[in-house]
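What's in input.cif: mmCIF, C-alpha atoms and all ligand atoms
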data_input
loop_
_atom_site.group_PDB
_atom_site.id
_atom_site.type_symbol
_atom_site.label_atom_id
_atom_site.label_comp_id
_atom_site.auth_asym_id
_atom_site.auth_seq_id
_atom_site.Cartn_x
_atom_site.Cartn_y
_atom_site.Cartn_z
ATOM 1 C CA MET S 1 -10.107 -30.521 -0.623
ATOM 2 C CA GLY S 2 -13.555 -29.211 0.430
ATOM 3 C CA ASN S 3 -14.331 -32.564 2.044
ATOM 4 C CA THR S 4 -11.141 -32.918 4.037
ATOM 5 C CA LYS S 5 -11.736 -33.074 7.757
ATOM 6 C CA ARG S 6 -9.197 -30.954 9.581
ATOM 7 C CA LEU S 7 -8.323 -30.689 13.223
ATOM 8 C CA SER S 8 -9.288 -27.390 14.760
ATOM 9 C CA VAL S 9 -6.285 -25.241 15.420
ATOM 10 C CA ASN S 10 -5.410 -21.840 16.781
ATOM 11 C CA GLY S 11 -4.461 -19.143 14.316
ATOM 12 C CA PRO S 12 -5.123 -15.735 12.771
ATOM 13 C CA ILE S 13 -8.517 -14.362 11.765
ATOM 14 C CA GLY S 14 -8.868 -14.577 7.979
ATOM 15 C CA VAL S 15 -10.360 -11.700 6.014
ATOM 16 C CA PHE S 16 -11.205 -12.467 2.397
ATOM 17 C CA ASP S 17 -12.146 -10.168 -0.456
ATOM 18 C CA SER S 18 -12.232 -10.404 -4.228
ATOM 19 C CA GLY S 19 -9.582 -7.700 -4.323
ATOM 20 C CA TYR S 20 -8.655 -4.576 -2.405
ATOM 21 C CA GLY S 21 -12.043 -3.432 -1.121
ATOM 22 C CA GLY S 22 -12.011 -5.745 1.890
ATOM 23 C CA LEU S 23 -9.120 -3.658 3.163
ATOM 24 C CA THR S 24 -11.750 -1.120 4.304
ATOM 25 C CA ILE S 25 -13.307 -3.909 6.397
ATOM 26 C CA LEU S 26 -9.929 -5.114 7.693
ATOM 27 C CA LYS S 27 -9.025 -1.544 8.624
ATOM 28 C CA GLY S 28 -12.171 -1.175 10.753
ATOM 29 C CA ILE S 29 -11.569 -4.538 12.430
ATOM 30 C CA ARG S 30 -7.896 -3.875 13.171
ATOM 31 C CA GLN S 31 -8.671 -0.432 14.557
ATOM 32 C CA LEU S 32 -11.100 -1.939 17.053
ATOM 33 C CA MET S 33 -9.163 -5.163 17.759
ATOM 34 C CA PRO S 34 -5.452 -4.575 17.064
ATOM 35 C CA GLU S 35 -4.382 -7.355 19.421
ATOM 36 C CA TYR S 36 -5.452 -10.229 17.126
ATOM 37 C CA ASP S 37 -3.435 -11.781 14.280
ATOM 38 C CA TYR S 38 -4.897 -11.428 10.775
ATOM 39 C CA ILE S 39 -4.404 -12.835 7.300
ATOM 40 C CA TYR S 40 -5.918 -10.789 4.485
ATOM 41 C CA LEU S 41 -6.485 -12.641 1.214
ATOM 42 C CA GLY S 42 -7.342 -10.733 -1.964
ATOM 43 C CA ASP S 43 -8.209 -12.695 -5.102
ATOM 44 C CA ASN S 44 -6.970 -9.759 -7.155
ATOM 45 C CA ALA S 45 -6.120 -11.828 -10.218
ATOM 46 C CA ARG S 46 -9.800 -12.784 -10.641
ATOM 47 C CA ALA S 47 -11.487 -9.593 -9.363
ATOM 48 C CA PRO S 48 -14.006 -8.080 -9.784
ATOM 49 C CA TYR S 49 -16.572 -10.591 -8.548
ATOM 50 C CA GLY S 50 -19.458 -8.108 -8.821
ATOM 51 C CA THR S 51 -20.442 -9.088 -12.348
ATOM 52 C CA ARG S 52 -19.719 -12.837 -12.045
ATOM 53 C CA SER S 53 -22.314 -15.616 -11.801
ATOM 54 C CA PHE S 54 -23.451 -17.263 -8.558
ATOM 55 C CA GLU S 55 -21.588 -20.506 -9.416
ATOM 56 C CA ILE S 56 -18.281 -18.773 -10.093
ATOM 57 C CA VAL S 57 -18.394 -16.540 -7.013
ATOM 58 C CA TYR S 58 -19.230 -19.602 -4.895
ATOM 59 C CA GLU S 59 -16.397 -21.670 -6.425
ATOM 60 C CA PHE S 60 -13.784 -18.920 -6.035
ATOM 61 C CA THR S 61 -14.887 -18.010 -2.512
ATOM 62 C CA LEU S 62 -14.785 -21.654 -1.401
ATOM 63 C CA GLN S 63 -11.244 -21.963 -2.748
ATOM 64 C CA ALA S 64 -10.237 -18.920 -0.708
ATOM 65 C CA VAL S 65 -11.930 -20.250 2.424
ATOM 66 C CA ASN S 66 -10.116 -23.581 2.073
ATOM 67 C CA LYS S 67 -6.811 -21.771 1.606
ATOM 68 C CA LEU S 68 -7.320 -19.693 4.753
ATOM 69 C CA PHE S 69 -8.368 -22.787 6.709
ATOM 70 C CA ASN S 70 -5.236 -24.594 5.512
ATOM 71 C CA LEU S 71 -3.212 -21.640 6.772
ATOM 72 C CA GLY S 72 -4.718 -22.201 10.207
ATOM 73 C CA CYS S 73 -7.487 -19.601 10.412
ATOM 74 C CA PRO S 74 -10.218 -20.741 12.829
ATOM 75 C CA LEU S 75 -12.503 -17.871 11.772
ATOM 76 C CA ILE S 76 -12.945 -16.165 8.398
ATOM 77 C CA ILE S 77 -14.767 -12.961 7.555
ATOM 78 C CA LEU S 78 -15.933 -12.662 3.960
ATOM 79 C CA GLY S 79 -15.121 -8.954 3.758
ATOM 80 C CA CYS S 80 -16.812 -8.761 0.359
ATOM 81 C CA ASN S 81 -20.494 -8.054 -0.174
ATOM 82 C CA THR S 82 -20.661 -10.012 -3.414
ATOM 83 C CA ALA S 83 -19.113 -13.127 -1.836
ATOM 84 C CA SER S 84 -21.288 -12.699 1.269
ATOM 85 C CA ALA S 85 -24.370 -12.389 -0.939
ATOM 86 C CA LYS S 86 -23.634 -15.272 -3.282
ATOM 87 C CA ALA S 87 -21.446 -17.786 -1.434
ATOM 88 C CA LEU S 88 -21.746 -17.426 2.343
ATOM 89 C CA ARG S 89 -24.963 -19.342 2.900
ATOM 90 C CA SER S 90 -23.873 -22.332 0.759
ATOM 91 C CA ILE S 91 -20.463 -22.457 2.444
ATOM 92 C CA GLN S 92 -22.027 -22.308 5.914
ATOM 93 C CA GLN S 93 -24.686 -24.904 5.184
ATOM 94 C CA ILE S 94 -23.041 -27.302 2.714
ATOM 95 C CA ASN S 95 -19.253 -27.088 3.051
ATOM 96 C CA LEU S 96 -18.461 -26.081 6.614
ATOM 97 C CA PRO S 97 -20.059 -29.120 8.303
ATOM 98 C CA LYS S 98 -17.843 -31.365 6.127
ATOM 99 C CA ILE S 99 -14.653 -29.289 6.370
ATOM 100 C CA ASP S 100 -14.644 -28.610 10.100
ATOM 101 C CA PRO S 101 -17.838 -27.842 12.021
ATOM 102 C CA ILE S 102 -15.877 -25.968 14.673
ATOM 103 C CA ARG S 103 -14.512 -23.307 12.356
ATOM 104 C CA ARG S 104 -16.660 -20.382 11.264
ATOM 105 C CA VAL S 105 -17.186 -18.207 8.192
ATOM 106 C CA LEU S 106 -19.064 -14.932 8.686
ATOM 107 C CA GLY S 107 -20.137 -12.257 6.200
ATOM 108 C CA VAL S 108 -20.678 -8.504 6.103
ATOM 109 C CA ILE S 109 -24.353 -8.284 5.140
ATOM 110 C CA ARG S 110 -25.958 -9.501 8.362
ATOM 111 C CA PRO S 111 -24.018 -7.113 10.663
ATOM 112 C CA THR S 112 -24.862 -4.208 8.366
ATOM 113 C CA ALA S 113 -28.536 -5.203 8.243
ATOM 114 C CA GLU S 114 -28.626 -5.438 12.054
ATOM 115 C CA SER S 115 -27.272 -1.923 12.431
ATOM 116 C CA ILE S 116 -29.905 -0.072 10.429
ATOM 117 C CA GLY S 117 -33.031 -0.868 12.487
ATOM 118 C CA SER S 118 -32.344 1.951 14.922
ATOM 119 C CA MET S 119 -31.123 4.396 12.270
ATOM 120 C CA THR S 120 -34.063 4.828 9.917
ATOM 121 C CA LYS S 121 -37.057 6.899 10.997
ATOM 122 C CA SER S 122 -38.931 6.822 7.675
ATOM 123 C CA ARG S 123 -38.419 2.999 7.553
ATOM 124 C CA HIS S 124 -37.280 3.417 3.933
ATOM 125 C CA VAL S 125 -33.695 2.311 3.326
ATOM 126 C CA GLY S 126 -31.540 2.393 0.178
ATOM 127 C CA VAL S 127 -28.716 0.003 -0.680
ATOM 128 C CA LEU S 128 -25.909 0.781 -3.109
ATOM 129 C CA GLY S 129 -23.854 -2.207 -4.307
ATOM 130 C CA THR S 130 -22.426 -4.170 -7.203
ATOM 131 C CA ILE S 131 -24.763 -5.691 -9.783
ATOM 132 C CA GLY S 132 -24.269 -9.103 -8.117
ATOM 133 C CA THR S 133 -25.120 -7.878 -4.617
ATOM 134 C CA ILE S 134 -28.209 -5.945 -5.733
ATOM 135 C CA LYS S 135 -29.501 -8.764 -7.968
ATOM 136 C CA SER S 136 -29.063 -11.326 -5.181
ATOM 137 C CA GLU S 137 -31.588 -9.343 -3.052
ATOM 138 C CA SER S 138 -29.516 -10.350 -0.015
ATOM 139 C CA TYR S 139 -29.905 -6.992 1.718
ATOM 140 C CA PRO S 140 -33.720 -6.819 1.402
ATOM 141 C CA ILE S 141 -33.947 -10.468 2.521
ATOM 142 C CA GLU S 142 -31.730 -10.002 5.599
ATOM 143 C CA ILE S 143 -33.299 -6.670 6.550
ATOM 144 C CA LYS S 144 -36.864 -8.005 6.190
ATOM 145 C CA LYS S 145 -36.013 -10.938 8.473
ATOM 146 C CA LEU S 146 -34.975 -8.530 11.218
ATOM 147 C CA PHE S 147 -37.234 -5.535 10.495
ATOM 148 C CA PRO S 148 -40.307 -6.530 8.436
ATOM 149 C CA ASP S 149 -41.603 -2.928 8.461
ATOM 150 C CA ILE S 150 -38.606 -1.546 6.524
ATOM 151 C CA THR S 151 -38.859 -1.016 2.746
ATOM 152 C CA VAL S 152 -35.535 -1.613 0.989
ATOM 153 C CA THR S 153 -34.649 -0.243 -2.460
ATOM 154 C CA GLY S 154 -31.459 -1.284 -4.227
ATOM 155 C CA GLN S 155 -29.316 0.502 -6.781
ATOM 156 C CA ALA S 156 -26.416 -1.117 -8.643
ATOM 157 C CA CYS S 157 -23.407 1.165 -9.175
ATOM 158 C CA PRO S 158 -21.234 -0.736 -11.672
ATOM 159 C CA MET S 159 -18.890 2.190 -12.389
ATOM 160 C CA TRP S 160 -17.858 2.864 -8.803
ATOM 161 C CA VAL S 161 -15.483 -0.078 -8.204
ATOM 162 C CA PRO S 162 -13.415 0.646 -11.346
ATOM 163 C CA MET S 163 -13.306 4.357 -10.427
ATOM 164 C CA VAL S 164 -11.762 3.444 -7.067
ATOM 165 C CA GLU S 165 -9.410 0.773 -8.416
ATOM 166 C CA TYR S 166 -8.102 3.135 -11.106
ATOM 167 C CA ASN S 167 -7.590 5.825 -8.480
ATOM 168 C CA GLU S 168 -10.071 8.202 -10.140
ATOM 169 C CA PHE S 169 -12.370 8.555 -7.142
ATOM 170 C CA ASN S 170 -11.161 12.017 -6.131
ATOM 171 C CA ASN S 171 -11.235 13.397 -9.659
ATOM 172 C CA GLU S 172 -13.947 15.521 -11.240
ATOM 173 C CA GLY S 173 -14.969 12.803 -13.708
ATOM 174 C CA ALA S 174 -16.130 10.622 -10.833
ATOM 175 C CA ASP S 175 -18.842 13.168 -9.915
ATOM 176 C CA TYR S 176 -20.977 12.233 -12.912
ATOM 177 C CA PHE S 177 -21.399 8.588 -11.915
ATOM 178 C CA VAL S 178 -21.694 9.273 -8.200
ATOM 179 C CA GLN S 179 -24.513 11.754 -8.793
ATOM 180 C CA LYS S 180 -26.188 9.495 -11.378
ATOM 181 C CA TYR S 181 -26.588 6.447 -9.121
ATOM 182 C CA ILE S 182 -27.622 8.405 -6.041
ATOM 183 C CA TYR S 183 -30.243 10.340 -7.996
ATOM 184 C CA GLU S 184 -31.515 7.114 -9.562
ATOM 185 C CA LEU S 185 -31.885 5.548 -6.123
ATOM 186 C CA LEU S 186 -33.669 8.552 -4.624
ATOM 187 C CA GLU S 187 -35.906 8.828 -7.666
ATOM 188 C CA LYS S 188 -37.109 5.267 -7.046
ATOM 189 C CA ASP S 189 -37.909 6.101 -3.403
ATOM 190 C CA PRO S 190 -37.649 9.754 -2.292
ATOM 191 C CA THR S 191 -38.577 8.839 1.306
ATOM 192 C CA ILE S 192 -35.292 6.978 1.898
ATOM 193 C CA ASP S 193 -33.547 8.409 4.985
ATOM 194 C CA THR S 194 -30.721 5.847 5.320
ATOM 195 C CA ILE S 195 -28.398 4.550 2.604
ATOM 196 C CA ILE S 196 -26.165 1.502 3.082
ATOM 197 C CA LEU S 197 -22.871 1.604 1.200
ATOM 198 C CA GLY S 198 -23.131 -2.106 0.401
ATOM 199 C CA CYS S 199 -19.770 -2.532 -1.262
ATOM 200 C CA THR S 200 -16.331 -2.484 0.273
ATOM 201 C CA HIS S 201 -14.971 0.114 -2.175
ATOM 202 C CA TYR S 202 -17.578 2.785 -1.570
ATOM 203 C CA PRO S 203 -16.157 4.300 1.654
ATOM 204 C CA LEU S 204 -13.408 5.763 -0.547
ATOM 205 C CA LEU S 205 -16.054 7.699 -2.466
ATOM 206 C CA ILE S 206 -17.667 9.011 0.724
ATOM 207 C CA ASN S 207 -16.868 12.688 0.119
ATOM 208 C CA LYS S 208 -18.458 12.677 -3.313
ATOM 209 C CA ILE S 209 -21.387 10.539 -2.130
ATOM 210 C CA LYS S 210 -22.029 13.093 0.651
ATOM 211 C CA LYS S 211 -21.949 15.892 -1.918
ATOM 212 C CA TYR S 212 -24.932 14.442 -3.816
ATOM 213 C CA THR S 213 -26.924 13.050 -0.901
ATOM 214 C CA PRO S 214 -29.469 15.272 0.908
ATOM 215 C CA GLN S 215 -28.321 16.221 4.399
ATOM 216 C CA ASN S 216 -31.174 14.418 6.117
ATOM 217 C CA VAL S 217 -30.100 11.086 4.608
ATOM 218 C CA ARG S 218 -27.742 9.013 6.741
ATOM 219 C CA LEU S 219 -24.918 7.083 5.068
ATOM 220 C CA VAL S 220 -23.884 3.743 6.538
ATOM 221 C CA SER S 221 -20.292 2.568 5.910
ATOM 222 C CA GLN S 222 -19.754 -1.053 6.852
ATOM 223 C CA GLY S 223 -16.255 -1.148 8.380
ATOM 224 C CA ASP S 224 -17.268 0.033 11.853
ATOM 225 C CA TYR S 225 -20.416 -2.097 12.090
ATOM 226 C CA VAL S 226 -18.670 -5.265 10.919
ATOM 227 C CA ALA S 227 -15.882 -4.652 13.447
ATOM 228 C CA GLU S 228 -18.315 -4.098 16.315
ATOM 229 C CA SER S 229 -20.310 -7.138 15.319
ATOM 230 C CA LEU S 230 -17.149 -9.274 15.242
ATOM 231 C CA ARG S 231 -16.102 -8.062 18.684
ATOM 232 C CA ASP S 232 -19.548 -8.869 19.980
ATOM 233 C CA TYR S 233 -19.362 -12.330 18.349
ATOM 234 C CA LEU S 234 -15.990 -13.091 19.976
ATOM 235 C CA ASN S 235 -17.273 -11.889 23.348
ATOM 236 C CA ARG S 236 -20.232 -14.248 23.082
ATOM 237 C CA HIS S 237 -18.221 -17.157 21.650
ATOM 238 C CA THR S 238 -15.274 -17.474 23.990
ATOM 239 C CA GLU S 239 -14.514 -20.973 22.603
ATOM 240 C CA MET S 240 -13.720 -19.245 19.273
ATOM 241 C CA ASP S 241 -11.983 -16.288 20.875
ATOM 242 C CA VAL S 242 -9.383 -18.544 22.528
ATOM 243 C CA ARG S 243 -8.603 -20.059 19.098
ATOM 244 C CA CYS S 244 -7.869 -16.643 17.556
ATOM 245 C CA THR S 245 -4.216 -15.903 18.285
ATOM 246 C CA LYS S 246 -3.268 -12.486 19.606
ATOM 247 C CA GLY S 247 0.104 -11.247 18.421
ATOM 248 C CA GLY S 248 -0.984 -8.099 16.567
ATOM 249 C CA THR S 249 0.380 -9.313 13.190
ATOM 250 C CA CYS S 250 -1.137 -8.972 9.724
ATOM 251 C CA LEU S 251 -0.063 -10.901 6.640
ATOM 252 C CA PHE S 252 -1.370 -9.944 3.187
ATOM 253 C CA LEU S 253 -1.867 -12.572 0.476
ATOM 254 C CA THR S 254 -2.764 -11.878 -3.127
ATOM 255 C CA THR S 255 -3.385 -14.008 -6.198
ATOM 256 C CA GLU S 256 -1.793 -11.178 -8.248
ATOM 257 C CA SER S 257 1.789 -9.964 -8.139
ATOM 258 C CA VAL S 258 3.163 -8.580 -4.890
ATOM 259 C CA ASP S 259 4.209 -5.294 -6.525
ATOM 260 C CA LYS S 260 0.778 -4.649 -7.956
ATOM 261 C CA PHE S 261 -0.897 -5.411 -4.632
ATOM 262 C CA GLU S 262 1.438 -3.130 -2.689
ATOM 263 C CA GLU S 263 0.815 -0.274 -5.105
ATOM 264 C CA SER S 264 -2.977 -0.536 -5.173
ATOM 265 C CA ALA S 265 -3.365 -1.434 -1.496
ATOM 266 C CA SER S 266 -1.817 1.920 -0.624
ATOM 267 C CA ILE S 267 -4.996 3.597 -1.987
ATOM 268 C CA PHE S 268 -6.859 1.868 0.846
ATOM 269 C CA LEU S 269 -4.203 1.666 3.563
ATOM 270 C CA GLY S 270 -2.189 4.847 3.049
ATOM 271 C CA GLN S 271 1.510 4.589 3.801
ATOM 272 C CA GLU S 272 1.377 1.562 6.107
ATOM 273 C CA LYS S 273 4.291 -0.791 5.368
ATOM 274 C CA ILE S 274 2.841 -4.216 4.654
ATOM 275 C CA LYS S 275 4.121 -7.766 4.253
ATOM 276 C CA VAL S 276 2.671 -9.307 1.056
ATOM 277 C CA GLN S 277 2.984 -12.795 -0.449
ATOM 278 C CA SER S 278 1.679 -14.066 -3.756
ATOM 279 C CA ILE S 279 -0.376 -17.309 -3.690
ATOM 280 C CA SER S 280 -2.448 -19.467 -6.018
ATOM 281 C CA LEU S 281 -5.996 -20.626 -5.269
ATOM 282 C CA GLU S 282 -6.468 -23.092 -8.127
HETATM 283 N N1 LIG P 1 -15.584 -6.429 -2.852
HETATM 284 C C1 LIG P 1 -16.715 -6.336 -3.720
HETATM 285 C C2 LIG P 1 -17.989 -6.083 -2.912
HETATM 286 O O1 LIG P 1 -17.949 -5.669 -1.770
HETATM 287 C C3 LIG P 1 -16.549 -5.265 -4.772
HETATM 288 C C4 LIG P 1 -15.517 -5.582 -5.815
HETATM 289 C C5 LIG P 1 -15.908 -6.695 -6.756
HETATM 290 O O2 LIG P 1 -16.863 -6.545 -7.535
HETATM 291 O O3 LIG P 1 -15.224 -7.716 -6.715
HETATM 292 O O4 LIG P 1 -19.069 -6.299 -3.433
#
Could you express the structure from this file as structure tokens?
Ligand code: DGL
Amino acid sequence: MGNTKRLSVNGPIGVFDSGYGGLTILKGIRQLMPEYDYIYLGDNARAPYGTRSFEIVYEFTLQAVNKLFNLGCPLIILGCNTASAKALRSIQQINLPKIDPIRRVLGVIRPTAESIGSMTKSRHVGVLGTIGTIKSESYPIEIKKLFPDITVTGQACPMWVPMVEYNEFNNEGADYFVQKYIYELLEKDPTIDTIILGCTHYPLLINKIKKYTPQNVRLVSQGDYVAESLRDYLNRHTEMDVRCTKGGTCLFLTTESVDKFEESASIFLGQEKIKVQSISLE
């Protein structure tokens, strides 16, 4: 399937995530550009990706990309840091030229890296993410390419995604692990003045993260920056913009059951009434 040449078509913008977290990215994008059509695909049955190997994340992400292409998406955003860190480059360089060189797959790490250059004064930046994202070193690599003078320190926060997915993020128990990871990060580099929330789930923990972060440290949530970067991309690439249909619709696809998706998605989307379909990627 990865080698099938397809004709370029017009269709919705695809947003992919391992599960629910990409909904924070989709939300930011839809707020800024409500006129476009979107398909959100969550591989909920196989989430989380954060602890999975490079090979598996690449294989699963490629399956999702092919599915969204088959559904007519000319442009896909990997709204997942782990997939962006482990699969994006290979998909762009190896698969996309064979599948359809006119379609595009973009990630969330580059736009976030671009945004921090003007934010940090101390030139010391922290990144919080899944084990996979931190181990991949994708943030330090991307940031160094753009701003060689910035020192980047990473901290994996393996307990945060489950705390959000089990709806425990507003409870007292969550404080322990929020404080723990932030203190560990700041202990490694106390001169950090900007922290990237490098995982799609973390914006839901923002109130607790703020509680344990010194006031002079700026927190960077990705949704807004990814949305602005996408708008900028479509403004610069009008040949892609005309392929992205504009009807204001949003379809949600999940590899899990529809009921389960609807229930958990409400943590991220509030009361919005959504149209969900169950699909298979294998
Ligand atoms: N969406 C993932 C990310 O942004 C977090 C959830 C997972 O581990 O699958 O890294």
Open item on the list: Using all atoms listed in the file, can you tell me which of S:Ser122, S:Ser280, S:Asn10, S:Asn207 comes closest to Ala45 in chain S?
Closed with: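 For Ala45 in chain S, the nearest of the given residues is S:Ser280.
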Please check which protein, DNA or RNA residues sit within 9 Å of ligand LIG 1 (chain P), counting only C-alpha atoms and all ligand atoms, and write them as a tab-separated table (two decimals) with C-alpha atoms, keeping the file's coordinate frame.
chain	number	residue	atom	x	y	z
S	17	ASP	CA	-12.15	-10.17	-0.46
S	18	SER	CA	-12.23	-10.40	-4.23
S	19	GLY	CA	-9.58	-7.70	-4.32
S	20	TYR	CA	-8.65	-4.58	-2.40
S	21	GLY	CA	-12.04	-3.43	-1.12
S	22	GLY	CA	-12.01	-5.74	1.89
S	43	ASP	CA	-8.21	-12.70	-5.10
S	44	ASN	CA	-6.97	-9.76	-7.16
S	46	ARG	CA	-9.80	-12.78	-10.64
S	47	ALA	CA	-11.49	-9.59	-9.36
S	48	PRO	CA	-14.01	-8.08	-9.78
S	49	TYR	CA	-16.57	-10.59	-8.55
S	50	GLY	CA	-19.46	-8.11	-8.82
S	51	THR	CA	-20.44	-9.09	-12.35
S	52	ARG	CA	-19.72	-12.84	-12.04
S	79	GLY	CA	-15.12	-8.95	3.76
S	80	CYS	CA	-16.81	-8.76	0.36
S	81	ASN	CA	-20.49	-8.05	-0.17
S	82	THR	CA	-20.66	-10.01	-3.41
S	83	ALA	CA	-19.11	-13.13	-1.84
S	84	SER	CA	-21.29	-12.70	1.27
S	85	ALA	CA	-24.37	-12.39	-0.94
S	108	VAL	CA	-20.68	-8.50	6.10
S	129	GLY	CA	-23.85	-2.21	-4.31
S	130	THR	CA	-22.43	-4.17	-7.20
S	131	ILE	CA	-24.76	-5.69	-9.78
S	132	GLY	CA	-24.27	-9.10	-8.12
S	133	THR	CA	-25.12	-7.88	-4.62
S	158	PRO	CA	-21.23	-0.74	-11.67
S	161	VAL	CA	-15.48	-0.08	-8.20
S	162	PRO	CA	-13.42	0.65	-11.35
S	198	GLY	CA	-23.13	-2.11	0.40
S	199	CYS	CA	-19.77	-2.53	-1.26
S	200	THR	CA	-16.33	-2.48	0.27
S	201	HIS	CA	-14.97	0.11	-2.17
S	202	TYR	CA	-17.58	2.78	-1.57
Task: Result set of the PyMOL selection byres (((chain S and resi 231) around 12) and not hetatm) on the coordinates above, as a ChimeraX atom specification - done: /S:28-36,111,224-230,232-238,240-241,244
Task: Matched chain/residue IDs from the PyMOL selection byres (((chain S and resi 206) around 12) and not hetatm), as an MDAnalysis selection string - done: chainID S and resid 160 164 169:170 174:175 178 195:197 199:205 207:213 218:222
TODO: Take CA of Asp259 in chain S and CA of Ile13 in chain S and report the distance between them in Å, one decimal.
DONE: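 Answer for the CA of Asp259 in chain S to CA of Ile13 in chain S separation: 24.1 Å.
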For the provided coordinates, the residues matched by the PyMOL selection byres (((chain S and resi 250) around 10) and not hetatm) should be stated as a PDB file with C-alpha atoms, keeping the file's coordinate frame.
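Generated file (part16.pdb):
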ATOM      1  CA  PRO S  12      -5.123 -15.735  12.771  1.00  0.00           C
ATOM      2  CA  ILE S  13      -8.517 -14.362  11.765  1.00  0.00           C
ATOM      3  CA  GLY S  14      -8.868 -14.577   7.979  1.00  0.00           C
ATOM      4  CA  LEU S  26      -9.929  -5.114   7.693  1.00  0.00           C
ATOM      5  CA  ARG S  30      -7.896  -3.875  13.171  1.00  0.00           C
ATOM      6  CA  PRO S  34      -5.452  -4.575  17.064  1.00  0.00           C
ATOM      7  CA  TYR S  36      -5.452 -10.229  17.126  1.00  0.00           C
ATOM      8  CA  ASP S  37      -3.435 -11.781  14.280  1.00  0.00           C
ATOM      9  CA  TYR S  38      -4.897 -11.428  10.775  1.00  0.00           C
ATOM     10  CA  ILE S  39      -4.404 -12.835   7.300  1.00  0.00           C
ATOM     11  CA  TYR S  40      -5.918 -10.789   4.485  1.00  0.00           C
ATOM     12  CA  GLY S 247       0.104 -11.247  18.421  1.00  0.00           C
ATOM     13  CA  GLY S 248      -0.984  -8.099  16.567  1.00  0.00           C
ATOM     14  CA  THR S 249       0.380  -9.313  13.190  1.00  0.00           C
ATOM     15  CA  LEU S 251      -0.063 -10.901   6.640  1.00  0.00           C
ATOM     16  CA  PHE S 252      -1.370  -9.944   3.187  1.00  0.00           C
ATOM     17  CA  LEU S 253      -1.867 -12.572   0.476  1.00  0.00           C
ATOM     18  CA  ILE S 274       2.841  -4.216   4.654  1.00  0.00           C
ATOM     19  CA  LYS S 275       4.121  -7.766   4.253  1.00  0.00           C
ATOM     20  CA  VAL S 276       2.671  -9.307   1.056  1.00  0.00           C
TER      21      VAL S 276
END
Open item on the list: To one decimal place in Å, what is the distance between CA of Phe147 in chain S and CA of Thr194 in chain S?
Closed with: 14.1 Å
TODO: Counting only C-alpha atoms, figure out which residue out of S:Leu269, S:Ile150, S:Ile102, S:Ile109 gets nearest to Thr191 in chain S.
DONE: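 Using only C-alpha atoms, the shortest distance to Thr191 in chain S belongs to S:Ile150.
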Task: Coordinates-based distance that separates CA of Ile94 in chain S from CA of Glu59 in chain S (Å, one decimal) - done: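 Here the two named atoms are 12.6 Å from each other.
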- [ ] Kindly indicate which residue among S:Lys188, S:Lys121, S:Arg103, S:Lys273 lies nearest to Gly72 in chain S, using only C-alpha atoms for the distances.
- [x]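 Closest to Gly72 in chain S, using only C-alpha atoms: S:Arg103.
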- [ ] Point out the residue among S:Met159, S:Pro140, S:Leu68, S:Leu75 with the least atom-to-atom distance to Phe177 in chain S, counting only C-alpha atoms.
- [x] S:Met159
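With distances restricted to all atoms listed in the file, S:Gly107 is the closest residue to Ile77 in chain S from S:Gly173, S:Gly107, S:Pro214, S:Pro101.
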Open item on the list: Let me make sure I understand: among S:Ile143, S:Val15, S:Ala87, S:Ile99, which one has the smallest atom-to-atom distance to Cys73 in chain S if we use only C-alpha atoms?
Closed with: S:Val15
- [ ] For Thr153 in chain S, work out the shell of residues within 7 Å, counting all atoms listed in the file and skipping chain neighbours fewer than 4 positions away, then give it as a ChimeraX atom specification.
- [x] /S:125-127
TODO: Could you give me, as a list of chain:residue names, the residues within 10 Å of Val258 in chain S, counting all atoms listed in the file and dropping anything in the same chain fewer than 2 positions from it?
DONE: S:Phe252, S:Leu253, S:Thr254, S:Thr255, S:Glu256, S:Lys260, S:Phe261, S:Glu262, S:Glu263, S:Lys275, S:Val276, S:Gln277, S:Ser278, S:Ile279
Okay, now the selection with C-alpha atoms, as a short mmCIF file (atom, residue, chain, number, x, y, z; two decimals), in the frame of the given file?
data_model
loop_
_atom_site.label_atom_id
_atom_site.label_comp_id
_atom_site.auth_asym_id
_atom_site.auth_seq_id
_atom_site.Cartn_x
_atom_site.Cartn_y
_atom_site.Cartn_z
CA PHE S 252 -1.37 -9.94 3.19
CA LEU S 253 -1.87 -12.57 0.48
CA THR S 254 -2.76 -11.88 -3.13
CA THR S 255 -3.38 -14.01 -6.20
CA GLU S 256 -1.79 -11.18 -8.25
CA LYS S 260 0.78 -4.65 -7.96
CA PHE S 261 -0.90 -5.41 -4.63
CA GLU S 262 1.44 -3.13 -2.69
CA GLU S 263 0.82 -0.27 -5.11
CA LYS S 275 4.12 -7.77 4.25
CA VAL S 276 2.67 -9.31 1.06
CA GLN S 277 2.98 -12.80 -0.45
CA SER S 278 1.68 -14.07 -3.76
CA ILE S 279 -0.38 -17.31 -3.69
#
- [ ] With a distance cut-off of 9 Å and all atoms listed in the file, select the neighbouring residues of Asp149 in chain S, excluding the residue or stretch itself and same-chain residues fewer than 3 positions from it, and output the selection as a PyMOL selection string.
- [x] chain S and resi 123-124+144
